[in-house]
file final-v5.txt (compact mmCIF, C-alpha atoms)
# COMPACT_ATOMS: atom_id res chain seq x y z
CA MET U 1 109.65 88.66 82.25
CA ILE U 2 111.61 86.46 84.60
CA GLN U 3 112.88 83.38 82.80
CA PRO U 4 112.35 79.78 83.99
CA SER U 5 116.13 79.49 84.44
CA GLU U 6 116.01 82.13 87.19
CA PHE U 7 113.24 80.34 89.07
CA ALA U 8 115.32 77.16 88.81
CA ARG U 9 118.38 78.99 90.17
CA ARG U 10 116.36 80.21 93.15
CA ARG U 11 115.17 76.69 93.91
CA ARG U 12 118.71 75.31 93.71
CA GLN U 13 119.99 78.03 96.02
CA LEU U 14 117.25 77.36 98.57
CA MET U 15 117.89 73.61 98.47
CA ARG U 16 121.62 74.15 99.06
CA MET U 17 120.77 76.22 102.12
CA ALA U 18 118.23 73.66 103.40
CA GLY U 19 120.61 70.69 103.09
CA ARG U 20 120.39 67.27 101.48
CA ASP U 21 118.41 65.73 104.35
CA ALA U 22 115.59 68.30 104.21
CA ILE U 23 112.33 68.77 102.33
CA VAL U 24 110.81 72.16 101.55
CA ILE U 25 107.03 72.39 101.18
CA VAL U 26 105.30 75.51 99.85
CA PRO U 27 101.57 75.63 99.04
CA ALA U 28 100.05 78.00 96.50
CA ALA U 29 97.65 80.68 97.69
CA PRO U 30 94.05 79.46 97.91
CA GLU U 31 91.23 81.17 96.08
CA ARG U 32 89.22 83.49 98.35
CA LEU U 33 85.48 84.01 98.22
CA ARG U 34 84.42 87.66 98.06
CA ASN U 35 80.72 86.98 98.51
CA ASN U 36 78.44 84.04 97.76
CA ASP U 37 80.06 82.32 94.76
CA ALA U 38 82.16 85.28 93.55
CA HIS U 39 85.90 85.20 94.19
CA TYR U 40 88.42 87.95 94.78
CA PRO U 41 90.87 88.33 91.87
CA TYR U 42 93.43 85.57 92.31
CA ARG U 43 96.92 86.53 93.41
CA GLN U 44 99.59 83.87 93.88
CA ASP U 45 101.44 83.48 97.20
CA SER U 46 104.64 85.51 96.96
CA ASP U 47 106.96 82.73 98.14
CA PHE U 48 105.35 80.19 95.82
CA HIS U 49 105.65 82.63 92.92
CA TYR U 50 109.27 83.40 93.78
CA LEU U 51 110.17 79.73 93.48
CA THR U 52 107.98 78.67 90.55
CA GLY U 53 106.33 81.49 88.62
CA PHE U 54 103.32 79.12 88.56
CA PRO U 55 100.10 81.20 88.51
CA GLU U 56 97.42 78.69 89.53
CA PRO U 57 95.74 77.83 92.84
CA ASP U 58 95.39 74.27 94.17
CA ALA U 59 99.11 73.57 93.88
CA VAL U 60 101.92 72.50 96.21
CA LEU U 61 105.68 72.69 95.60
CA ALA U 62 107.98 70.12 97.19
CA LEU U 63 111.74 70.63 96.95
CA ILE U 64 113.68 67.48 97.80
CA PRO U 65 117.45 68.06 97.62
CA GLY U 66 119.42 65.13 96.19
CA ARG U 67 116.38 63.08 95.17
CA SER U 68 117.55 60.98 92.23
CA GLN U 69 114.14 60.95 90.50
CA GLY U 70 113.98 64.75 90.54
CA GLU U 71 114.30 67.46 93.16
CA THR U 72 111.47 69.82 92.11
CA ILE U 73 108.02 68.27 92.43
CA LEU U 74 104.83 70.17 91.66
CA PHE U 75 101.38 68.97 92.58
CA CYS U 76 98.75 70.82 90.54
CA ARG U 77 95.35 70.53 88.92
CA GLU U 78 94.87 68.14 86.02
CA ARG U 79 93.75 69.36 82.61
CA ASP U 80 89.95 69.34 82.52
CA ARG U 81 88.22 70.37 79.31
CA GLU U 82 84.89 71.09 80.99
CA ARG U 83 86.32 73.18 83.86
CA GLU U 84 88.66 75.03 81.50
CA ARG U 85 85.62 76.03 79.45
CA TRP U 86 84.37 77.91 82.53
CA ASP U 87 87.56 79.02 84.29
CA GLY U 88 90.30 79.16 81.66
CA ALA U 89 93.27 77.04 80.66
CA ARG U 90 95.31 74.99 83.13
CA ALA U 91 98.93 73.98 82.83
CA GLY U 92 98.33 70.41 83.94
CA GLN U 93 101.17 68.06 84.76
CA GLU U 94 102.75 68.33 81.31
CA GLY U 95 102.75 72.12 81.45
CA ALA U 96 104.19 72.11 84.96
CA VAL U 97 107.22 70.24 83.62
CA ALA U 98 107.53 71.81 80.17
CA ASP U 99 106.72 75.43 81.03
CA TYR U 100 107.57 75.82 84.72
CA GLY U 101 110.62 73.64 85.18
CA ALA U 102 109.28 70.94 87.50
CA ASP U 103 111.26 67.70 87.39
CA ASP U 104 108.03 65.82 87.92
CA ALA U 105 104.39 66.76 88.46
CA PHE U 106 101.42 64.92 89.95
CA PRO U 107 97.70 65.62 90.24
CA ILE U 108 96.89 67.62 93.36
CA ASP U 109 94.17 65.08 94.17
CA ASP U 110 96.89 62.42 94.61
CA ILE U 111 98.98 64.39 97.11
CA ASP U 112 97.74 62.42 100.14
CA ASP U 113 99.06 59.20 98.57
CA ILE U 114 102.36 60.54 97.23
CA LEU U 115 103.77 63.29 99.45
CA PRO U 116 104.10 61.25 102.70
CA GLY U 117 106.47 58.92 100.86
CA MET U 118 108.56 61.91 99.84
CA ILE U 119 108.65 63.22 103.40
CA GLU U 120 109.85 59.84 104.68
CA GLY U 121 113.61 59.71 105.17
CA ARG U 122 113.97 63.52 105.47
CA SER U 123 115.28 64.89 108.77
CA ARG U 124 113.79 68.39 108.54
CA VAL U 125 110.69 69.93 107.02
CA TYR U 126 110.95 73.57 106.00
CA TYR U 127 107.50 75.15 105.95
CA HIS U 128 105.55 78.32 106.89
CA PHE U 129 103.51 77.22 109.89
CA GLY U 130 100.66 79.51 110.92
CA ARG U 131 99.77 80.98 107.54
CA ASP U 132 97.09 78.46 106.58
CA THR U 133 95.59 76.42 109.40
CA GLU U 134 93.94 73.96 107.03
CA PHE U 135 97.20 73.18 105.25
CA ASP U 136 99.07 73.04 108.59
CA LEU U 137 96.78 70.19 109.64
CA LYS U 138 97.28 68.39 106.33
CA LEU U 139 101.05 68.54 106.70
CA ILE U 140 100.94 67.30 110.28
CA GLY U 141 98.71 64.46 109.09
CA TRP U 142 101.21 63.47 106.39
CA VAL U 143 104.08 63.48 108.88
CA ASN U 144 102.05 61.46 111.38
CA ARG U 145 101.42 58.84 108.68
CA VAL U 146 105.18 58.45 108.34
CA ARG U 147 105.59 58.28 112.12
CA ALA U 148 103.01 55.51 112.27
CA MET U 149 105.30 53.40 110.06
CA VAL U 150 108.37 53.64 112.30
CA ARG U 151 108.14 49.94 113.31
CA GLN U 152 108.24 49.06 109.62
CA GLY U 153 111.50 50.99 109.26
CA ALA U 154 110.18 54.40 108.20
CA LYS U 155 112.26 57.44 109.15
CA PRO U 156 110.04 60.43 109.93
CA PRO U 157 111.40 63.98 110.13
CA HIS U 158 112.41 65.05 113.62
CA GLU U 159 112.32 68.80 113.10
CA PHE U 160 110.08 71.48 111.61
CA VAL U 161 111.95 74.64 110.60
CA ALA U 162 110.49 78.04 109.68
CA LEU U 163 111.03 78.43 105.94
CA SER U 164 111.19 82.22 106.31
CA HIS U 165 114.66 82.02 107.89
CA LEU U 166 116.09 80.90 104.55
CA LEU U 167 113.71 82.01 101.85
CA HIS U 168 113.05 85.57 102.93
CA ASP U 169 116.71 86.45 103.05
CA LEU U 170 116.99 85.31 99.43
CA ARG U 171 114.04 87.46 98.41
CA LEU U 172 115.64 90.55 99.98
CA TYR U 173 118.29 90.75 97.24
CA LYS U 174 116.78 91.54 93.83
CA SER U 175 118.31 90.17 90.65
CA ARG U 176 118.74 92.20 87.48
CA ALA U 177 115.60 90.56 86.07
CA GLU U 178 113.60 91.43 89.17
CA LEU U 179 114.79 95.03 89.03
CA ARG U 180 113.69 95.26 85.41
CA VAL U 181 110.20 94.17 86.40
CA MET U 182 110.17 96.54 89.37
CA ARG U 183 111.31 99.39 87.14
CA ARG U 184 108.35 98.66 84.87
CA ALA U 185 105.96 98.60 87.84
CA ALA U 186 107.39 101.94 88.97
CA LYS U 187 107.02 103.47 85.51
CA ILE U 188 103.36 102.41 85.32
CA ALA U 189 102.66 103.85 88.77
CA ALA U 190 104.45 107.09 87.89
CA GLU U 191 102.33 107.50 84.76
CA ALA U 192 99.23 106.92 86.89
CA HIS U 193 100.21 109.65 89.35
CA VAL U 194 100.88 112.12 86.54
CA ARG U 195 97.48 111.29 85.05
CA ALA U 196 95.85 111.82 88.46
CA MET U 197 97.57 115.18 88.94
CA ARG U 198 96.35 116.41 85.57
CA ALA U 199 92.79 115.31 86.30
CA THR U 200 92.53 116.88 89.77
CA ARG U 201 90.32 119.92 90.24
CA PRO U 202 87.98 121.32 92.92
CA GLY U 203 84.58 119.67 93.05
CA LEU U 204 85.72 116.19 92.01
CA ASP U 205 85.29 113.33 94.44
CA GLU U 206 88.36 111.45 95.64
CA HIS U 207 87.18 108.30 93.86
CA ALA U 208 87.25 110.12 90.52
CA VAL U 209 90.99 110.62 91.00
CA GLU U 210 91.31 106.97 92.06
CA ALA U 211 89.65 106.01 88.77
CA GLU U 212 92.43 107.78 86.86
CA LEU U 213 95.01 105.71 88.73
CA LEU U 214 93.21 102.44 88.06
CA HIS U 215 92.83 103.29 84.37
CA ALA U 216 96.58 103.73 83.98
CA PHE U 217 97.33 100.53 85.91
CA ARG U 218 95.01 98.30 83.90
CA ARG U 219 95.95 99.92 80.59
CA HIS U 220 99.47 98.54 81.09
CA GLY U 221 98.49 95.14 82.45
CA ALA U 222 99.09 96.03 86.09
CA VAL U 223 96.86 95.99 89.16
CA PRO U 224 97.03 98.04 92.36
CA SER U 225 99.74 96.69 94.64
CA TYR U 226 97.59 97.82 97.60
CA GLU U 227 94.33 99.69 98.12
CA PRO U 228 95.02 103.26 96.95
CA ILE U 229 94.87 106.13 99.42
CA VAL U 230 93.31 109.25 97.89
CA GLY U 231 92.91 111.72 100.73
CA GLY U 232 91.94 115.34 100.22
CA GLY U 233 92.29 118.02 102.89
CA ALA U 234 92.26 116.67 106.45
CA ASN U 235 91.83 113.12 105.11
CA ALA U 236 95.53 113.26 104.22
CA CYS U 237 96.25 113.22 107.97
CA ILE U 238 94.67 109.74 108.24
CA LEU U 239 97.65 107.50 107.50
CA HIS U 240 95.67 104.55 106.16
CA TYR U 241 92.68 106.45 104.78
CA ARG U 242 90.64 104.20 102.47
CA ALA U 243 87.16 105.67 102.01
CA ASN U 244 88.17 107.75 98.96
CA ASN U 245 84.68 109.29 98.73
CA ALA U 246 84.98 112.92 99.88
CA GLU U 247 84.71 115.99 97.67
CA LEU U 248 87.94 117.78 96.80
CA ARG U 249 87.85 121.38 97.96
CA ASP U 250 89.52 124.44 96.55
CA GLY U 251 92.53 125.36 98.68
CA ASP U 252 93.15 121.85 100.04
CA LEU U 253 95.98 119.45 99.32
CA LEU U 254 95.44 115.95 97.94
CA LEU U 255 97.64 113.08 99.17
CA VAL U 256 97.73 110.06 96.86
CA ASP U 257 99.51 106.87 97.94
CA ALA U 258 99.17 104.32 95.14
CA GLY U 259 101.40 101.68 93.60
CA ALA U 260 101.16 99.33 90.65
CA GLU U 261 101.83 95.60 90.81
CA TYR U 262 103.28 94.19 87.61
CA LEU U 263 104.05 90.47 87.22
CA CYS U 264 103.57 90.21 91.01
CA TYR U 265 106.20 92.89 91.81
CA ALA U 266 105.11 96.05 93.61
CA SER U 267 105.79 99.73 93.30
CA ASP U 268 104.83 102.23 96.01
CA ILE U 269 104.54 105.96 95.32
CA THR U 270 103.09 108.85 97.32
CA ARG U 271 102.71 112.38 96.07
CA THR U 272 100.90 115.38 97.54
CA TRP U 273 99.60 118.20 95.35
CA PRO U 274 97.22 121.17 95.58
CA VAL U 275 93.66 120.53 94.44
CA ASN U 276 93.54 123.89 92.65
CA GLY U 277 97.06 123.59 91.23
CA ARG U 278 98.74 126.16 93.51
CA PHE U 279 100.32 125.63 96.95
CA SER U 280 99.38 128.12 99.65
CA PRO U 281 102.31 129.66 101.61
CA GLU U 282 101.69 127.34 104.58
CA GLN U 283 101.36 124.28 102.38
CA ARG U 284 104.52 125.18 100.49
CA ALA U 285 106.49 125.75 103.69
CA LEU U 286 105.62 122.30 105.03
CA TYR U 287 106.02 120.66 101.64
CA ASP U 288 109.53 122.06 101.26
CA ILE U 289 110.49 120.53 104.62
CA VAL U 290 109.19 117.08 103.63
CA LEU U 291 110.92 117.23 100.24
CA ALA U 292 114.23 118.26 101.84
CA ALA U 293 113.84 115.42 104.34
CA GLN U 294 113.25 112.95 101.53
CA LYS U 295 116.30 114.11 99.60
CA ALA U 296 118.46 113.80 102.72
CA ALA U 297 117.05 110.33 103.37
CA ILE U 298 117.57 109.10 99.80
CA ASP U 299 121.20 110.18 100.01
CA GLU U 300 121.63 107.73 102.92
CA VAL U 301 120.32 104.74 100.91
CA ARG U 302 123.80 103.46 100.20
CA ALA U 303 125.66 100.20 100.58
CA GLY U 304 127.33 100.01 103.96
CA ARG U 305 124.88 102.30 105.75
CA PRO U 306 122.61 100.86 108.46
CA PHE U 307 118.94 100.57 107.57
CA ASP U 308 117.86 103.23 110.08
CA ALA U 309 120.30 105.86 108.78
CA TYR U 310 117.89 107.23 106.22
CA HIS U 311 115.08 107.47 108.79
CA GLU U 312 117.35 109.38 111.14
CA ALA U 313 118.32 111.76 108.33
CA ALA U 314 114.66 112.48 107.53
CA VAL U 315 113.77 113.00 111.18
CA ARG U 316 116.57 115.51 111.65
CA VAL U 317 115.50 117.62 108.66
CA ILE U 318 111.80 117.50 109.60
CA THR U 319 112.51 118.42 113.21
CA ALA U 320 114.73 121.36 112.25
CA GLY U 321 112.10 122.58 109.79
CA LEU U 322 109.28 122.40 112.34
CA ILE U 323 111.39 124.34 114.83
CA ARG U 324 112.06 126.97 112.17
CA LEU U 325 108.30 127.37 111.59
CA GLY U 326 107.59 127.58 115.33
CA LEU U 327 105.64 124.31 115.41
CA LEU U 328 108.23 122.81 117.77
CA LYS U 329 109.98 124.63 120.60
CA GLY U 330 113.44 124.12 122.04
CA THR U 331 116.70 122.96 120.55
CA LEU U 332 117.10 120.47 117.74
CA GLU U 333 118.93 117.96 119.93
CA GLN U 334 116.31 118.19 122.67
CA ASN U 335 113.48 117.58 120.21
CA LEU U 336 115.31 114.62 118.70
CA ARG U 337 116.17 113.16 122.08
CA GLU U 338 112.60 113.45 123.36
CA HIS U 339 111.00 112.42 120.02
CA LEU U 340 108.82 115.54 120.05
CA TYR U 341 108.59 115.42 116.24
CA ARG U 342 106.29 112.40 116.60
CA ARG U 343 103.41 114.76 117.15
CA TYR U 344 103.64 115.53 113.44
CA TYR U 345 105.60 112.59 112.02
CA MET U 346 104.64 109.29 113.61
CA HIS U 347 105.81 106.58 111.21
CA LYS U 348 109.10 105.24 109.92
CA THR U 349 110.65 106.54 106.71
CA GLY U 350 110.49 103.35 104.69
CA HIS U 351 110.40 99.58 104.29
CA TRP U 352 111.61 96.79 102.03
CA LEU U 353 109.86 96.52 98.65
CA GLY U 354 109.53 93.60 96.25
CA LEU U 355 106.94 90.90 95.69
CA ASP U 356 105.13 92.35 98.68
CA VAL U 357 104.64 96.07 99.26
CA HIS U 358 105.97 95.62 102.77
CA ASP U 359 108.42 93.02 101.60
CA VAL U 360 110.03 90.26 103.62
CA GLY U 361 113.45 90.38 105.24
CA ASP U 362 114.75 91.14 108.70
CA TYR U 363 115.44 94.78 109.55
CA ARG U 364 117.71 93.82 112.43
CA ILE U 365 120.36 91.14 112.85
CA ASP U 366 121.46 90.26 116.38
CA GLY U 367 119.65 93.34 117.65
CA GLU U 368 121.40 95.77 115.31
CA PHE U 369 119.93 97.36 112.18
CA ARG U 370 121.20 95.44 109.20
CA VAL U 371 123.54 97.10 106.77
CA LEU U 372 122.20 98.01 103.33
CA GLU U 373 123.66 96.00 100.44
CA PRO U 374 123.40 96.23 96.65
CA GLY U 375 120.19 94.71 95.31
CA MET U 376 118.01 95.70 98.24
CA VAL U 377 115.05 97.96 97.43
CA VAL U 378 113.45 100.33 99.93
CA THR U 379 110.78 102.99 99.99
CA VAL U 380 111.65 106.48 101.26
CA GLU U 381 108.51 108.23 102.53
CA PRO U 382 108.81 111.05 105.07
CA GLY U 383 105.75 113.10 105.94
CA ILE U 384 104.19 115.77 108.13
CA TYR U 385 100.61 115.48 109.38
CA ILE U 386 98.87 118.22 111.35
CA ALA U 387 95.44 116.95 112.36
CA PRO U 388 92.56 119.42 112.09
CA ASP U 389 91.84 119.17 115.81
CA LEU U 390 95.46 119.29 117.02
CA LYS U 391 95.62 121.61 120.01
CA GLY U 392 98.24 124.29 120.44
CA VAL U 393 98.77 124.76 116.70
CA PRO U 394 97.73 127.94 114.83
CA ALA U 395 94.67 127.36 112.66
CA ARG U 396 96.51 128.09 109.41
CA TRP U 397 98.56 124.90 109.80
CA ARG U 398 95.80 122.53 110.86
CA GLY U 399 94.39 119.94 108.47
CA ILE U 400 97.52 119.74 106.31
CA GLY U 401 98.94 116.28 105.55
CA ILE U 402 101.94 115.77 103.27
CA ARG U 403 103.90 112.65 102.31
CA ILE U 404 106.38 112.11 99.48
CA GLU U 405 107.43 108.55 98.67
CA ASP U 406 109.79 106.98 96.14
CA ASP U 407 111.24 103.52 95.52
CA VAL U 408 115.03 103.33 95.73
CA VAL U 409 117.53 100.59 94.85
CA VAL U 410 120.72 100.18 96.83
CA THR U 411 123.63 100.00 94.38
CA ASP U 412 127.42 99.97 94.50
CA GLY U 413 127.27 103.74 94.01
CA ASP U 414 124.58 106.39 94.16
CA PRO U 415 120.98 105.49 95.06
CA ASP U 416 118.86 104.50 92.06
CA VAL U 417 115.39 106.08 92.27
CA LEU U 418 112.94 103.95 90.29
CA THR U 419 110.00 106.35 90.55
CA GLY U 420 111.52 109.59 89.31
CA ASP U 421 109.13 109.88 86.35
CA VAL U 422 106.53 111.56 88.54
CA PRO U 423 107.54 115.05 89.73
CA SER U 424 108.01 115.87 93.39
CA ASP U 425 109.42 119.38 92.97
CA PRO U 426 106.56 121.74 93.87
CA ASP U 427 107.21 124.12 90.97
CA ALA U 428 107.18 121.19 88.54
CA ILE U 429 103.90 119.97 90.04
CA GLU U 430 102.30 123.37 89.61
CA ARG U 431 103.50 123.59 85.99
CA LEU U 432 102.16 120.13 85.21
CA MET U 433 98.76 120.89 86.75
CA ALA U 434 98.56 124.23 84.91
CA ARG U 435 98.89 122.38 81.60
CA GLY U 436 96.16 119.96 82.64

call {"tool": "encode", "arguments": {"input": "final-v5.txt", "output": "structure tokens"}}
result
Amino acid sequence: MIQPSEFARRRRQLMRMAGRDAIVIVPAAPERLRNNDAHYPYRQDSDFHYLTGFPEPDAVLALIPGRSQGETILFCRERDRERERWDGARAGQEGAVADYGADDAFPIDDIDDILPGMIEGRSRVYYHFGRDTEFDLKLIGWVNRVRAMVRQGAKPPHEFVALSHLLHDLRLYKSRAELRVMRRAAKIAAEAHVRAMRATRPGLDEHAVEAELLHAFRRHGAVPSYEPIVGGGANACILHYRANNAELRDGDLLLVDAGAEYLCYASDITRTWPVNGRFSPEQRALYDIVLAAQKAAIDEVRAGRPFDAYHEAAVRVITAGLIRLGLLKGTLEQNLREHLYRRYYMHKTGHWLGLDVHDVGDYRIDGEFRVLEPGMVVTVEPGIYIAPDLKGVPARWRGIGIRIEDDVVVTDGDPDVLTGDVPSDPDAIERLMARG
């Protein structure tokens, strides 16, 4: 758990960065209809969660640096015995203050009357324009109400500033408490992958393996951090495969990309294993290349290294391996220079990880890849994909897709792999599957 004191520290830090003449406005995520009157499972907006830990919809956070009556204001739903009988308990205004650290809280239905007065006298409004058109229009309406009172002495803000410039750089550096939660999310996901490996056998459908993943997630109070990819055979060559409904065939590989979200923090793991429990020679040859590339890449996830260093390390190992197998021709440097490896490896080697699977934070600063620093968390996920219809490739290689992905923390020393509880060594995978 992340304590209320940490959420309060985050808010104070953001307000210091925004300045005493600013106001920060962050709405909660709305509920989304799935069909008719049934909703998708509710998931809080990541920025709103980062600053409050408040789990309900129909809420708005206003941070007002230096305000004598209180700097953290939360607008939220009132307690309602009848609605709570149907939908569950609400924090209400008292809970917003007592449990979530708001200095003051007001009913969300009163926001039109109260928030314009809080905006008045502030020079800048920090906000995420473009995410929610309906809320954008509300905010513009509140500001225009202040502007309409200029002749009566009102001072409207003169500048809107993208909140992401400040907030997303804060989110990039994980605290010890955040890393504890992420370690738990990784452990749950690792257990799910081990369970899926043990359950895999020829004749199952992909969704039967997906069910093993979901069982492990929910058993530990987690949910999928994204829609799982469970791709057998040539389906593993489809990078964002989602159907998960094909039969698993003897002799094929199975690529599973699935992460658990725990207390809103994501994990992200990919493993590839043989459906029948034994790698063929061709599968093993390609797998060994991807695993070597991942190890080389993880070794580059160190403080002081540029973000792209670990991608470049993976690319070099993959390219050399494909040349060795005869799948690429020419010298290593020529293949790297001309990006010929992209025929088989067409994506980057990783991304930021945190409250979002593809977490926030700039990858470049002033045109240059940013330098890795302690507290950042990245995925490391090299792969090789040889489509079944790829021309000029011997038939024995076609239809093989392999990716290996782990979550890695940048530290003051060696990389810290959060997801090591699920094996990636091919011999260990075969032993695990043999035990069933």

call {"tool": "residues_near_point", "arguments": {"input": "final-v5.txt", "point": "(117.0, 111.7, 99.1)", "cutoff": "12 Å", "atoms": "all atoms listed in the file", "output": "VMD selection string"}}
result
chain U and resid 290 to 302 309 to 311 313 to 314 317 349 to 350 378 to 382 404 to 409 414 to 417 420 424

call {"tool": "residues_around", "arguments": {"input": "final-v5.txt", "residues": "stretch 357-369 of chain U", "least_positions_apart": "6", "cutoff": "8 Å", "atoms": "all atoms listed in the file", "output": "ChimeraX atom specification"}}
result
/U:168-169,171-172,225-226,266-268,306-308,351

call {"tool": "write_last_selection", "arguments": {"input": "final-v5.txt", "atoms": "C-alpha atoms", "output": "PDB file, in the frame of the given file"}}
result
ATOM      1  CA  HIS U 168     113.050  85.570 102.930  1.00  0.00           C
ATOM      2  CA  ASP U 169     116.710  86.450 103.050  1.00  0.00           C
ATOM      3  CA  ARG U 171     114.040  87.460  98.410  1.00  0.00           C
ATOM      4  CA  LEU U 172     115.640  90.550  99.980  1.00  0.00           C
ATOM      5  CA  SER U 225      99.740  96.690  94.640  1.00  0.00           C
ATOM      6  CA  TYR U 226      97.590  97.820  97.600  1.00  0.00           C
ATOM      7  CA  ALA U 266     105.110  96.050  93.610  1.00  0.00           C
ATOM      8  CA  SER U 267     105.790  99.730  93.300  1.00  0.00           C
ATOM      9  CA  ASP U 268     104.830 102.230  96.010  1.00  0.00           C
ATOM     10  CA  PRO U 306     122.610 100.860 108.460  1.00  0.00           C
ATOM     11  CA  PHE U 307     118.940 100.570 107.570  1.00  0.00           C
ATOM     12  CA  ASP U 308     117.860 103.230 110.080  1.00  0.00           C
ATOM     13  CA  HIS U 351     110.400  99.580 104.290  1.00  0.00           C
TER      14      HIS U 351
END

call {"tool": "closest_residue", "arguments": {"input": "final-v5.txt", "among": "U:Val422, U:Met376, U:Cys76, U:Val146", "to": "U:Pro27", "atoms": "only C-alpha atoms"}}
result
U:Cys76

call {"tool": "residues_around", "arguments": {"input": "final-v5.txt", "residues": "U:Leu255", "least_positions_apart": "3", "cutoff": "9 Å", "atoms": "all atoms listed in the file", "output": "PyMOL selection string"}}
result
chain U and resi 229-233+235-237+270-274+401-404

call {"tool": "atom_distance", "arguments": {"input": "final-v5.txt", "atom1": "atom CA of U:Val393", "atom2": "atom CA of U:Glu333"}}
result
21.5 Å
